[in-house]
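Asks: Enclosed is the structure file protein19.txt (compact mmCIF, C-alpha atoms).
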# COMPACT_ATOMS: atom_id res chain seq x y z
CA MET U 1 0.00 0.00 0.00
CA PRO U 2 1.43 3.47 -0.85
CA PHE U 3 2.76 5.41 2.15
CA GLY U 4 0.01 8.08 2.03
CA LEU U 5 -2.76 5.47 2.06
CA GLN U 6 -1.01 3.58 4.85
CA ARG U 7 -1.05 6.70 6.99
CA ILE U 8 -4.73 7.36 6.20
CA ALA U 9 -5.57 3.76 7.07
CA ALA U 10 -3.66 4.09 10.35
CA ASP U 11 -5.51 7.31 11.19
CA VAL U 12 -8.88 5.73 10.36
CA ARG U 13 -8.05 2.78 12.62
CA ALA U 14 -6.99 5.14 15.44
CA VAL U 15 -10.21 7.18 15.21
CA ALA U 16 -12.35 4.04 14.91
CA ALA U 17 -10.67 2.50 17.96
CA ALA U 18 -11.23 5.69 19.91
CA TRP U 19 -14.88 5.73 18.89
CA SER U 20 -15.50 2.13 19.91
CA ALA U 21 -16.56 1.24 23.41
CA ARG U 22 -13.32 -0.67 23.93
CA GLY U 23 -10.99 2.12 22.93
CA GLY U 24 -12.87 4.88 24.69
CA ASN U 25 -15.00 7.67 23.35
CA ALA U 26 -13.71 10.12 20.76
CA PRO U 27 -16.36 12.82 21.43
CA ASN U 28 -15.26 12.78 25.08
CA ALA U 29 -11.65 13.18 23.96
CA ALA U 30 -12.64 16.21 21.90
CA GLU U 31 -14.65 17.60 24.83
CA ASN U 32 -11.72 17.07 27.22
CA LEU U 33 -9.32 18.74 24.82
CA SER U 34 -11.77 21.60 24.35
CA THR U 35 -12.05 22.01 28.14
CA LEU U 36 -8.26 21.95 28.42
CA LEU U 37 -7.94 24.65 25.75
CA THR U 38 -10.71 26.92 27.02
CA ARG U 39 -10.48 26.43 30.79
CA ARG U 40 -6.70 25.76 30.75
CA GLN U 41 -7.05 22.71 32.98
CA LEU U 42 -8.82 19.42 33.53
CA VAL U 43 -9.86 18.50 37.07
CA ILE U 44 -10.41 14.86 38.03
CA ASP U 45 -11.91 14.22 41.47
CA THR U 46 -12.28 10.96 43.36
CA SER U 47 -14.44 10.66 46.45
CA GLY U 48 -13.84 8.32 49.34
CA PRO U 49 -15.03 7.62 52.86
CA VAL U 50 -13.91 10.10 55.50
CA GLY U 51 -15.30 9.08 58.87
CA ASP U 52 -19.05 8.66 58.44
CA ARG U 53 -19.34 10.73 55.27
CA THR U 54 -18.10 10.67 51.68
CA ASP U 55 -15.87 13.49 50.52
CA ILE U 56 -13.48 14.39 47.71
CA VAL U 57 -10.22 12.81 48.84
CA LEU U 58 -8.10 12.96 45.69
CA ARG U 59 -8.01 15.67 43.07
CA THR U 60 -5.70 15.85 40.08
CA ARG U 61 -5.42 18.99 38.01
CA LEU U 62 -3.84 18.74 34.57
CA ARG U 63 -2.96 22.17 33.28
CA LEU U 64 -2.56 23.31 29.69
CA SER U 65 1.01 24.24 30.60
CA GLY U 66 1.69 20.51 31.19
CA ASP U 67 1.89 21.01 34.97
CA SER U 68 -0.13 18.78 37.24
CA GLU U 69 -1.09 18.71 40.90
CA THR U 70 -2.55 16.00 43.02
CA ASP U 71 -4.30 17.13 46.19
CA ILE U 72 -4.80 14.61 48.97
CA LEU U 73 -7.23 15.14 51.83
CA ARG U 74 -5.23 14.99 55.05
CA ALA U 75 -8.02 13.47 57.16
CA TRP U 76 -8.44 10.65 54.65
CA ILE U 77 -4.79 9.69 54.17
CA GLN U 78 -4.12 9.80 57.90
CA ALA U 79 -7.10 7.63 58.86
CA THR U 80 -7.26 5.14 55.99
CA PRO U 81 -5.27 1.88 55.87
CA SER U 82 -2.49 1.89 53.25
CA ALA U 83 -4.09 -0.90 51.22
CA ASP U 84 -7.35 1.06 50.88
CA VAL U 85 -5.45 4.22 49.97
CA GLU U 86 -3.57 2.33 47.25
CA THR U 87 -6.78 0.84 45.85
CA LEU U 88 -8.49 4.21 45.59
CA CYS U 89 -5.34 5.84 44.19
CA THR U 90 -5.13 3.19 41.48
CA ALA U 91 -8.75 3.85 40.51
CA HIS U 92 -8.16 7.62 40.60
CA PHE U 93 -5.12 7.55 38.34
CA ARG U 94 -6.91 5.14 36.00
CA SER U 95 -9.61 7.82 35.61
CA VAL U 96 -6.94 10.45 35.03
CA ALA U 97 -5.30 8.28 32.35
CA ALA U 98 -8.67 7.62 30.68
CA THR U 99 -9.36 11.35 30.59
CA THR U 100 -6.17 12.14 28.73
CA SER U 101 -5.40 8.97 26.77
CA LEU U 102 -7.50 9.96 23.76
CA THR U 103 -5.91 13.36 23.21
CA PRO U 104 -3.56 12.00 20.45
CA VAL U 105 -6.65 10.99 18.43
CA ILE U 106 -7.28 14.68 17.78
CA GLY U 107 -4.13 14.78 15.64
CA ALA U 108 -5.38 11.82 13.60
CA VAL U 109 -8.75 13.55 13.10
CA ILE U 110 -7.06 16.74 11.84
CA ARG U 111 -4.86 14.76 9.42
CA LEU U 112 -7.82 12.71 8.21
CA ALA U 113 -9.96 15.78 7.52
CA THR U 114 -7.37 17.29 5.17
CA ASP U 115 -6.41 13.92 3.63
CA LEU U 116 -10.05 13.07 2.91
CA ALA U 117 -10.64 16.48 1.31
CA ILE U 118 -7.69 15.83 -1.01
CA LEU U 119 -8.77 12.23 -1.69
CA MET U 120 -12.39 13.17 -2.46
CA GLY U 121 -11.23 15.92 -4.75
CA THR U 122 -8.84 13.63 -6.59
CA VAL U 123 -11.41 10.84 -7.02
CA GLY U 124 -14.04 13.35 -8.17
CA GLY U 125 -11.60 14.73 -10.72
CA ILE U 126 -10.65 11.31 -12.10
CA VAL U 127 -14.32 10.30 -12.44
CA ALA U 128 -15.08 13.51 -14.30
CA ILE U 129 -12.10 12.99 -16.65
CA VAL U 130 -13.18 9.44 -17.49
CA ARG U 131 -16.79 10.57 -18.02
CA GLY U 132 -15.66 13.37 -20.28
CA PHE U 133 -13.45 11.01 -22.25
CA LEU U 134 -16.24 8.43 -22.71
CA CYS U 135 -18.92 10.97 -23.67
CA GLU U 136 -17.07 13.53 -25.72
CA SER U 137 -14.06 11.70 -27.20
CA TRP U 138 -10.50 13.10 -27.08
CA GLY U 139 -11.15 16.26 -29.10
CA ALA U 140 -13.76 17.62 -26.72
CA LEU U 141 -11.91 16.58 -23.57
CA GLY U 142 -10.27 19.96 -22.92
CA PRO U 143 -13.44 22.09 -22.98
CA ALA U 144 -15.35 19.33 -21.19
CA LEU U 145 -12.82 19.35 -18.36
CA LEU U 146 -13.18 23.09 -17.92
CA ALA U 147 -16.98 23.10 -18.12
CA ASN U 148 -17.65 19.99 -16.06
CA TRP U 149 -18.95 20.83 -12.55
CA GLY U 150 -17.93 17.44 -11.19
CA LEU U 151 -14.34 17.97 -12.26
CA ALA U 152 -14.35 21.59 -11.11
CA ALA U 153 -15.70 20.58 -7.70
CA GLY U 154 -13.13 17.80 -7.43
CA VAL U 155 -10.23 20.03 -8.36
CA ILE U 156 -11.42 22.81 -6.02
CA LEU U 157 -11.88 20.35 -3.14
CA ALA U 158 -8.43 18.85 -3.69
CA MET U 159 -6.82 22.26 -3.95
CA THR U 160 -8.68 23.46 -0.84
CA GLY U 161 -7.45 20.45 1.13
CA MET U 162 -3.85 21.01 0.06
CA ALA U 163 -4.05 24.78 0.57
CA LEU U 164 -5.61 24.29 4.01
CA ARG U 165 -2.72 22.10 5.12
CA MET U 166 -0.12 24.41 3.61
CA LEU U 167 -1.67 27.45 5.28
CA LEU U 168 -1.89 25.66 8.63
CA ARG U 169 1.74 24.61 8.42
CA THR U 170 2.94 28.04 7.31
CA TRP U 171 1.05 29.71 10.15
CA LEU U 172 2.37 27.28 12.73
CA ARG U 173 5.94 27.58 11.41
CA GLN U 174 5.72 31.36 11.75
CA LYS U 175 4.44 30.95 15.30
CA LEU U 176 7.28 28.57 16.13
CA ARG U 177 9.93 30.79 14.57
CA ALA U 178 8.60 33.66 16.68
CA LEU U 179 8.72 31.37 19.71
CA LEU U 180 12.30 30.28 19.11
CA THR U 181 13.62 33.75 18.27
CA PRO U 182 15.39 35.10 21.35
CA MET T 183 -15.71 33.77 29.33
CA ALA T 184 -12.52 32.12 28.21
CA ALA T 185 -9.95 34.07 26.25
CA ALA T 186 -8.78 32.92 22.82
CA PHE T 187 -6.35 30.01 22.68
CA ASP T 188 -2.76 31.21 22.31
CA LEU T 189 -0.67 28.49 20.64
CA THR T 190 2.69 30.23 21.07
CA GLY T 191 2.17 30.74 24.78
CA THR T 192 1.00 27.16 25.15
CA VAL T 193 4.05 25.70 23.37
CA ARG T 194 6.38 27.94 25.39
CA SER T 195 4.80 26.77 28.63
CA LEU T 196 5.30 23.15 27.54
CA LEU T 197 9.09 23.51 27.62
CA ASN T 198 9.09 22.29 31.23
CA ILE T 199 6.55 20.79 33.56
CA GLU T 200 5.97 20.74 37.29
CA ALA T 201 4.21 17.98 39.17
CA ASN T 202 3.14 18.78 42.73
CA THR T 203 1.66 16.63 45.46
CA ILE T 204 -0.21 18.60 48.09
CA ILE T 205 -1.90 17.60 51.32
CA ARG T 206 -4.99 19.66 52.11
CA ASP T 207 -7.13 20.00 55.20
CA ASN T 208 -10.27 20.38 53.07
CA MET T 209 -11.29 20.13 49.46
CA THR T 210 -14.30 21.71 47.82
CA ALA T 211 -15.59 21.47 44.28
CA GLU T 212 -15.55 25.27 44.09
CA PRO T 213 -13.99 26.56 40.86
CA MET T 214 -11.80 29.65 40.76
CA PRO T 215 -13.91 32.83 40.88
CA PRO T 216 -13.40 35.65 38.32
CA VAL T 217 -9.84 37.02 38.34
CA PRO T 218 -10.49 40.13 40.54
CA HIS T 219 -12.01 37.98 43.32
CA ALA T 220 -9.29 35.34 42.86
CA LEU T 221 -6.61 38.00 43.38
CA ILE T 222 -8.29 39.20 46.59
CA ASP T 223 -8.55 35.54 47.73
CA ILE T 224 -4.81 35.10 47.17
CA ALA T 225 -3.94 38.36 48.95
CA ALA T 226 -6.21 37.42 51.88
CA GLU T 227 -4.54 34.02 52.28
CA TYR T 228 -1.05 35.52 52.18
CA ALA T 229 -2.10 38.20 54.66
CA ARG T 230 -3.47 35.49 56.95
CA VAL T 231 -0.09 33.70 56.96
CA LEU T 232 1.76 36.95 57.71
CA LEU T 233 -0.69 37.90 60.46
CA GLY T 234 -0.22 34.41 61.89
CA GLN T 235 3.47 35.21 62.25
CA GLY T 236 2.56 38.40 64.16
CA VAL T 237 3.36 40.78 61.29
CA ASP T 238 1.54 44.08 61.82
CA LEU T 239 0.26 44.49 58.27
CA ARG T 240 -2.13 47.34 59.14
CA SER T 241 0.69 49.68 60.03
CA TYR T 242 2.80 48.30 57.16
CA PHE T 243 0.09 49.25 54.66
CA ALA T 244 0.39 52.87 55.94
CA VAL T 245 4.08 53.09 55.00
CA PRO T 246 4.67 55.27 51.89
CA ALA T 247 5.03 53.04 48.81
CA ASP T 248 8.60 54.09 48.04
CA GLN T 249 9.74 53.18 51.57
CA VAL T 250 8.18 49.70 51.61
CA PRO T 251 11.28 47.77 50.41
CA THR T 252 13.51 49.30 53.08
CA THR T 253 11.04 49.24 55.98
CA ALA T 254 10.76 46.09 58.06
CA PRO T 255 7.23 45.53 59.44
CA THR T 256 6.78 45.48 63.20
CA ARG T 257 5.55 42.37 64.99
CA VAL T 258 2.76 42.45 67.54
CA PRO T 259 1.06 39.66 69.54
CA ASN T 260 -2.40 39.91 67.93
CA PRO T 261 -2.23 41.95 64.72
CA ASP T 262 -5.43 43.52 63.36
CA GLU T 263 -7.21 42.12 60.32
CA VAL T 264 -6.49 43.94 57.05
CA SER T 265 -9.18 42.66 54.68
CA ASP T 266 -10.39 46.20 53.99
CA LEU T 267 -6.88 47.24 52.88
CA LEU T 268 -6.36 44.42 50.38
CA THR T 269 -7.18 45.62 46.88
CA VAL T 270 -6.85 44.37 43.32
CA SER T 271 -3.61 46.27 42.83
CA LYS T 272 0.09 45.92 42.27
CA ASP T 273 0.62 47.91 45.50
CA THR T 274 -1.15 45.28 47.65
CA PHE T 275 1.02 42.46 46.30
CA ASP T 276 4.14 44.62 46.55
CA ARG T 277 3.48 45.25 50.26
CA LEU T 278 2.71 41.57 50.91
CA ARG T 279 5.88 40.60 49.05
CA TRP T 280 8.12 42.90 51.11
CA ALA T 281 6.37 41.98 54.36
CA ALA T 282 7.10 38.30 53.62
CA LYS T 283 10.67 39.10 52.59
CA HIS T 284 11.36 40.92 55.88
CA ALA T 285 9.46 38.32 57.91
CA CYS T 286 11.62 35.44 56.66
CA ASP T 287 14.90 37.18 57.32
CA PRO T 288 17.58 34.47 57.77
CA LYS T 289 18.25 35.83 61.26
CA VAL T 290 14.67 35.06 62.31
CA PRO T 291 14.35 31.45 63.56
CA MET T 292 11.71 29.67 61.48
CA ALA T 293 10.75 26.12 60.48
CA SER T 294 11.94 25.16 56.99
CA VAL T 295 8.33 24.51 55.92
CA ASP T 296 7.37 28.08 56.90
CA ARG T 297 10.43 29.50 55.18
CA ALA T 298 9.48 27.66 51.96
CA LEU T 299 5.97 29.12 52.26
CA PHE T 300 7.33 32.65 52.66
CA ASP T 301 9.57 32.11 49.63
CA ARG T 302 6.49 31.03 47.69
CA ILE T 303 4.60 34.14 48.79
CA ILE T 304 7.51 36.35 47.63
CA ASN T 305 7.79 34.62 44.24
CA ASN T 306 4.05 34.51 43.63
CA CYS T 307 3.57 38.16 44.59
CA ASP T 308 6.28 39.06 42.07
CA ALA T 309 4.56 36.93 39.41
CA ILE T 310 1.20 38.58 40.15
CA LYS T 311 2.72 42.08 40.06
CA GLU T 312 3.99 41.27 36.55
CA THR T 313 0.50 40.27 35.40
CA PHE T 314 -0.81 43.74 36.34
CA THR T 315 1.44 45.28 33.68
CA ARG T 316 -0.40 43.24 31.01
CA PHE T 317 -4.00 43.62 32.17
CA GLY T 318 -6.25 45.09 29.48
CA ALA T 319 -9.48 47.06 29.52
CA ALA T 320 -11.53 44.15 30.92
CA MET T 321 -9.70 44.40 34.27
CA GLN T 322 -9.50 48.18 34.60
CA PRO T 323 -12.85 48.72 36.42
CA PHE T 324 -11.67 46.42 39.23
CA ILE T 325 -8.19 47.83 39.80
CA GLY T 326 -7.88 49.40 43.26
CA GLN T 327 -11.11 47.84 44.58
CA ASN T 328 -11.25 45.88 47.83
CA ARG T 329 -13.53 42.89 48.47
CA GLU T 330 -16.44 44.99 49.69
CA GLN T 331 -16.25 47.29 46.69
CA LEU T 332 -15.98 44.31 44.33
CA THR T 333 -19.20 42.87 45.69
CA GLN T 334 -20.96 46.12 44.70
CA LEU T 335 -19.75 45.64 41.11
CA HIS T 336 -20.99 42.97 38.74
CA VAL T 337 -17.84 40.88 38.37
CA THR T 338 -18.19 38.09 35.81
CA HIS T 339 -15.75 35.75 34.10
CA ALA T 340 -15.55 38.36 31.32
CA ALA T 341 -12.82 39.83 33.53
CA ASP T 342 -10.82 36.65 32.80
CA ALA T 343 -10.09 37.94 29.28
CA ILE T 344 -6.42 38.34 30.13
CA ASP T 345 -3.25 36.83 28.72
CA VAL T 346 -3.43 33.00 28.75
CA ASP T 347 -0.12 32.65 30.56
CA ASP T 348 -1.30 35.12 33.21
CA LEU T 349 -4.59 33.29 33.66
CA ILE T 350 -2.76 29.97 34.10
CA THR T 351 -0.38 31.62 36.59
CA ILE T 352 -3.20 33.13 38.67
CA GLN T 353 -5.23 29.90 38.51
CA LYS T 354 -2.26 27.89 39.75
CA ILE T 355 -1.43 30.35 42.55
CA TRP T 356 -5.10 30.37 43.61
CA ASP T 357 -5.34 26.56 43.48
CA ILE T 358 -2.21 25.93 45.54
CA GLY T 359 -2.82 28.77 47.99
CA VAL T 360 -0.74 28.36 51.13
CA GLU T 361 -1.06 24.60 51.30
CA THR T 362 2.05 22.56 51.91
CA ILE T 363 3.60 20.96 48.84
CA VAL T 364 4.94 17.66 50.15
CA ALA T 365 6.71 16.70 46.93
CA GLN T 366 7.55 18.54 43.75
CA THR T 367 9.12 17.27 40.54
CA ILE T 368 10.24 19.54 37.71
CA VAL T 369 10.95 17.97 34.32
CA ARG T 370 12.65 20.09 31.67
CA ILE T 371 12.55 19.42 27.93
CA THR T 372 16.34 19.05 28.09
CA GLY T 373 15.81 15.92 30.18
CA ASP T 374 16.75 17.44 33.54
CA VAL T 375 14.56 16.20 36.38
CA THR T 376 14.53 17.79 39.85
CA THR T 377 12.53 16.38 42.74
CA ARG T 378 12.12 18.15 46.09
CA VAL T 379 10.49 16.41 49.01
CA GLN T 380 9.49 17.70 52.39
CA HIS T 381 11.66 16.47 55.24
CA ALA T 382 8.71 14.63 56.81
CA LEU T 383 8.42 12.49 53.70
CA THR T 384 11.82 10.95 54.29
CA GLN T 385 10.47 9.21 57.41
CA PRO T 386 9.23 5.59 57.36
CA GLY T 387 5.52 5.28 56.55
CA SER T 388 5.51 7.86 53.79
CA GLU T 389 5.77 5.26 51.00
CA THR T 390 2.11 5.73 50.06
CA LEU T 391 2.61 9.45 49.54
CA PHE T 392 5.67 8.73 47.43
CA ALA T 393 3.65 6.29 45.34
CA ILE T 394 0.97 8.94 44.77
CA HIS T 395 3.60 11.50 43.80
CA ARG T 396 5.19 9.02 41.38
CA GLN T 397 1.81 8.48 39.73
CA THR T 398 1.28 12.26 39.55
CA VAL T 399 4.63 12.62 37.76
CA ASP T 400 3.81 9.72 35.38
CA THR T 401 0.44 11.31 34.60
CA SER T 402 2.02 14.70 34.06
CA ILE T 403 4.65 13.32 31.67
CA SER T 404 2.05 11.28 29.78
CA SER T 405 -0.24 14.30 29.43
CA TRP T 406 2.74 16.45 28.41
CA ARG T 407 3.76 13.95 25.73
CA ASP T 408 0.19 13.81 24.39
CA LEU T 409 -0.08 17.61 24.23
CA LEU T 410 3.25 17.84 22.42
CA ARG T 411 2.15 15.08 20.03
CA VAL T 412 -1.07 16.95 19.17
CA VAL T 413 0.89 20.13 18.49
CA SER T 414 3.43 18.07 16.52
CA ASP T 415 0.66 16.41 14.46
CA ILE T 416 -0.80 19.78 13.60
CA ALA T 417 2.44 21.57 12.90
CA GLY T 418 3.99 18.65 11.00
CA ALA T 419 7.57 19.10 9.94
CA ALA T 420 8.17 22.33 11.83
CA ILE T 421 7.60 20.86 15.27
CA GLY T 422 8.90 17.48 14.12
CA SER T 423 12.29 19.00 13.43
CA LEU T 424 12.16 20.82 16.77
CA LEU T 425 11.39 17.74 18.82
CA GLY T 426 13.06 15.08 16.67
CA ARG T 427 11.23 12.33 14.83
CA ARG T 428 12.12 9.58 17.25
CA GLN T 429 9.03 7.90 18.68
Could you quickly redo this structure as structure tokens?
Replies:
Amino acid sequence: MPFGLQRIAADVRAVAAAWSARGGNAPNAAENLSTLLTRRQLVIDTSGPVGDRTDIVLRTRLRLSGDSETDILRAWIQATPSADVETLCTAHFRSVAATTSLTPVIGAVIRLATDLAILMGTVGGIVAIVRGFLCESWGALGPALLANWGLAAGVILAMTGMALRMLLRTWLRQKLRALLTP
Amino acid sequence: MAAAFDLTGTVRSLLNIEANTIIRDNMTAEPMPPVPHALIDIAAEYARVLLGQGVDLRSYFAVPADQVPTTAPTRVPNPDEVSDLLTVSKDTFDRLRWAAKHACDPKVPMASVDRALFDRIINNCDAIKETFTRFGAAMQPFIGQNREQLTQLHVTHAADAIDVDDLITIQKIWDIGVETIVAQTIVRITGDVTTRVQHALTQPGSETLFAIHRQTVDTSISSWRDLLRVVSDIAGAAIGSLLGRRQ
């Protein structure tokens, strides 16, 4: 399989796995990433027994800056047997991992969106060329290509996909150059 | 209302990460209030620590601004409350900063935990003072107001429309407050890792806390890697060449 198609297939598999019940939930990943970008942090709380009531005993904050904090309730850690603390901690950090594990899928979704735009445009263009060739013979192929809406749409879609990626990369490169300039 | 996402600031902040483990006496689900109230919350907590050490903040807040760095605050047995004097201003954080600086003079005997807290107050006050230089129009109506005056105004999260880095800084300072950080690990993109632990954590029986801190660091690094990967996926070759293509 050509390299480009291999990458698309890998991205499709990654998104499909994220969407499935086994792999997690891609909309949740998008929501978590959106929360991280707009609120600058994700907060994951775990409640546990403190005396005769239930309270938040563990809280992990993951910040957009990459920093993280875990808060532990003093009354809980002092009064709870180590084995119980470890059990709840394991469950807590499993929740934290589940919250963030799907973030890389966002990259696959972005790549797929531009790849599919290019692919659809290319396929549309090829179909239009073949149709033009079959209907109008070689002599009329040139004008038919220019006048054919299917071909025009295909070419425009393909060019939009490529331009979108180029613009995104150019913009990000400028941002990075600005970042790395002392 | 959240401000626009600033990619450059985000990437810059990803150059190193900090993982903290904190023990708290209580935890609420309360989110950070709008920035003006959050700043007063922070000032009030720092003032409480200083008052707890007997620092007479009320008289210190009467010292002319230009004499604050050179004037050591007096200490009294039961200092008066100063909540009415704490305002959303650079001056408030400057006075708290210098009061903390004088209070933790090396000649003054003090527990290492308290000294670390005073150092944090000094550093955070400096960081907050810097944010004031970048505040835009959204914050201007609240500058110079104390808590009582703020409650008369309609303060919403629209006031949070400040620089992303500043918002993250204030959020972090508000979240941590004056709680004791029992373990802290700093990981730099160069590969340097620094871990600081409180003396009490070196005693037997603190293995569980260490385990929690280790998991916090693992989580932080994993989240960091994922964020970098998303940025790398979007930016393609530019970031790829910055970070290297090794997976």
Asks: Tell me which of U:Asp52, U:Asp11, U:Asp84, U:Glu69 sits closest to T:Arg396, counting only C-alpha atoms.
Replies: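 Nearest to T:Arg396: U:Glu69.
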Asks: May I have the residues within 9 Å of U:Thr80 as a short mmCIF file (atom, residue, chain, number, x, y, z; two decimals) with C-alpha atoms, keeping the file's coordinate frame, using all atoms listed in the file and disregarding those fewer than 4 positions away in the same chain?
Replies:
data_model
loop_
_atom_site.label_atom_id
_atom_site.label_comp_id
_atom_site.auth_asym_id
_atom_site.auth_seq_id
_atom_site.Cartn_x
_atom_site.Cartn_y
_atom_site.Cartn_z
CA PRO U 49 -15.03 7.62 52.86
CA VAL U 50 -13.91 10.10 55.50
CA ALA U 75 -8.02 13.47 57.16
CA TRP U 76 -8.44 10.65 54.65
CA ASP U 84 -7.35 1.06 50.88
CA VAL U 85 -5.45 4.22 49.97
#
Asks: Between T:Asp301, T:Ala220, T:Leu233, T:Asn208, which residue has the minimum interatomic distance to T:Pro288, considering all atoms listed in the file?
Replies: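 Looking only at the distances to T:Pro288, the closest residue turns out to be T:Asp301.
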Asks: So which one's closest to chain T, U:Ile44, U:Met120, U:Met159, U:Leu168? Using only C-alpha atoms, please.
Replies: U:Leu168
Asks: From the options T:Thr372, T:Val379, T:Ile350, T:Leu278, which residue's atoms come nearest to chain U, counting all atoms listed in the file?
Replies: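 Looking at the shortest contact to chain U, the residue is T:Ile350.
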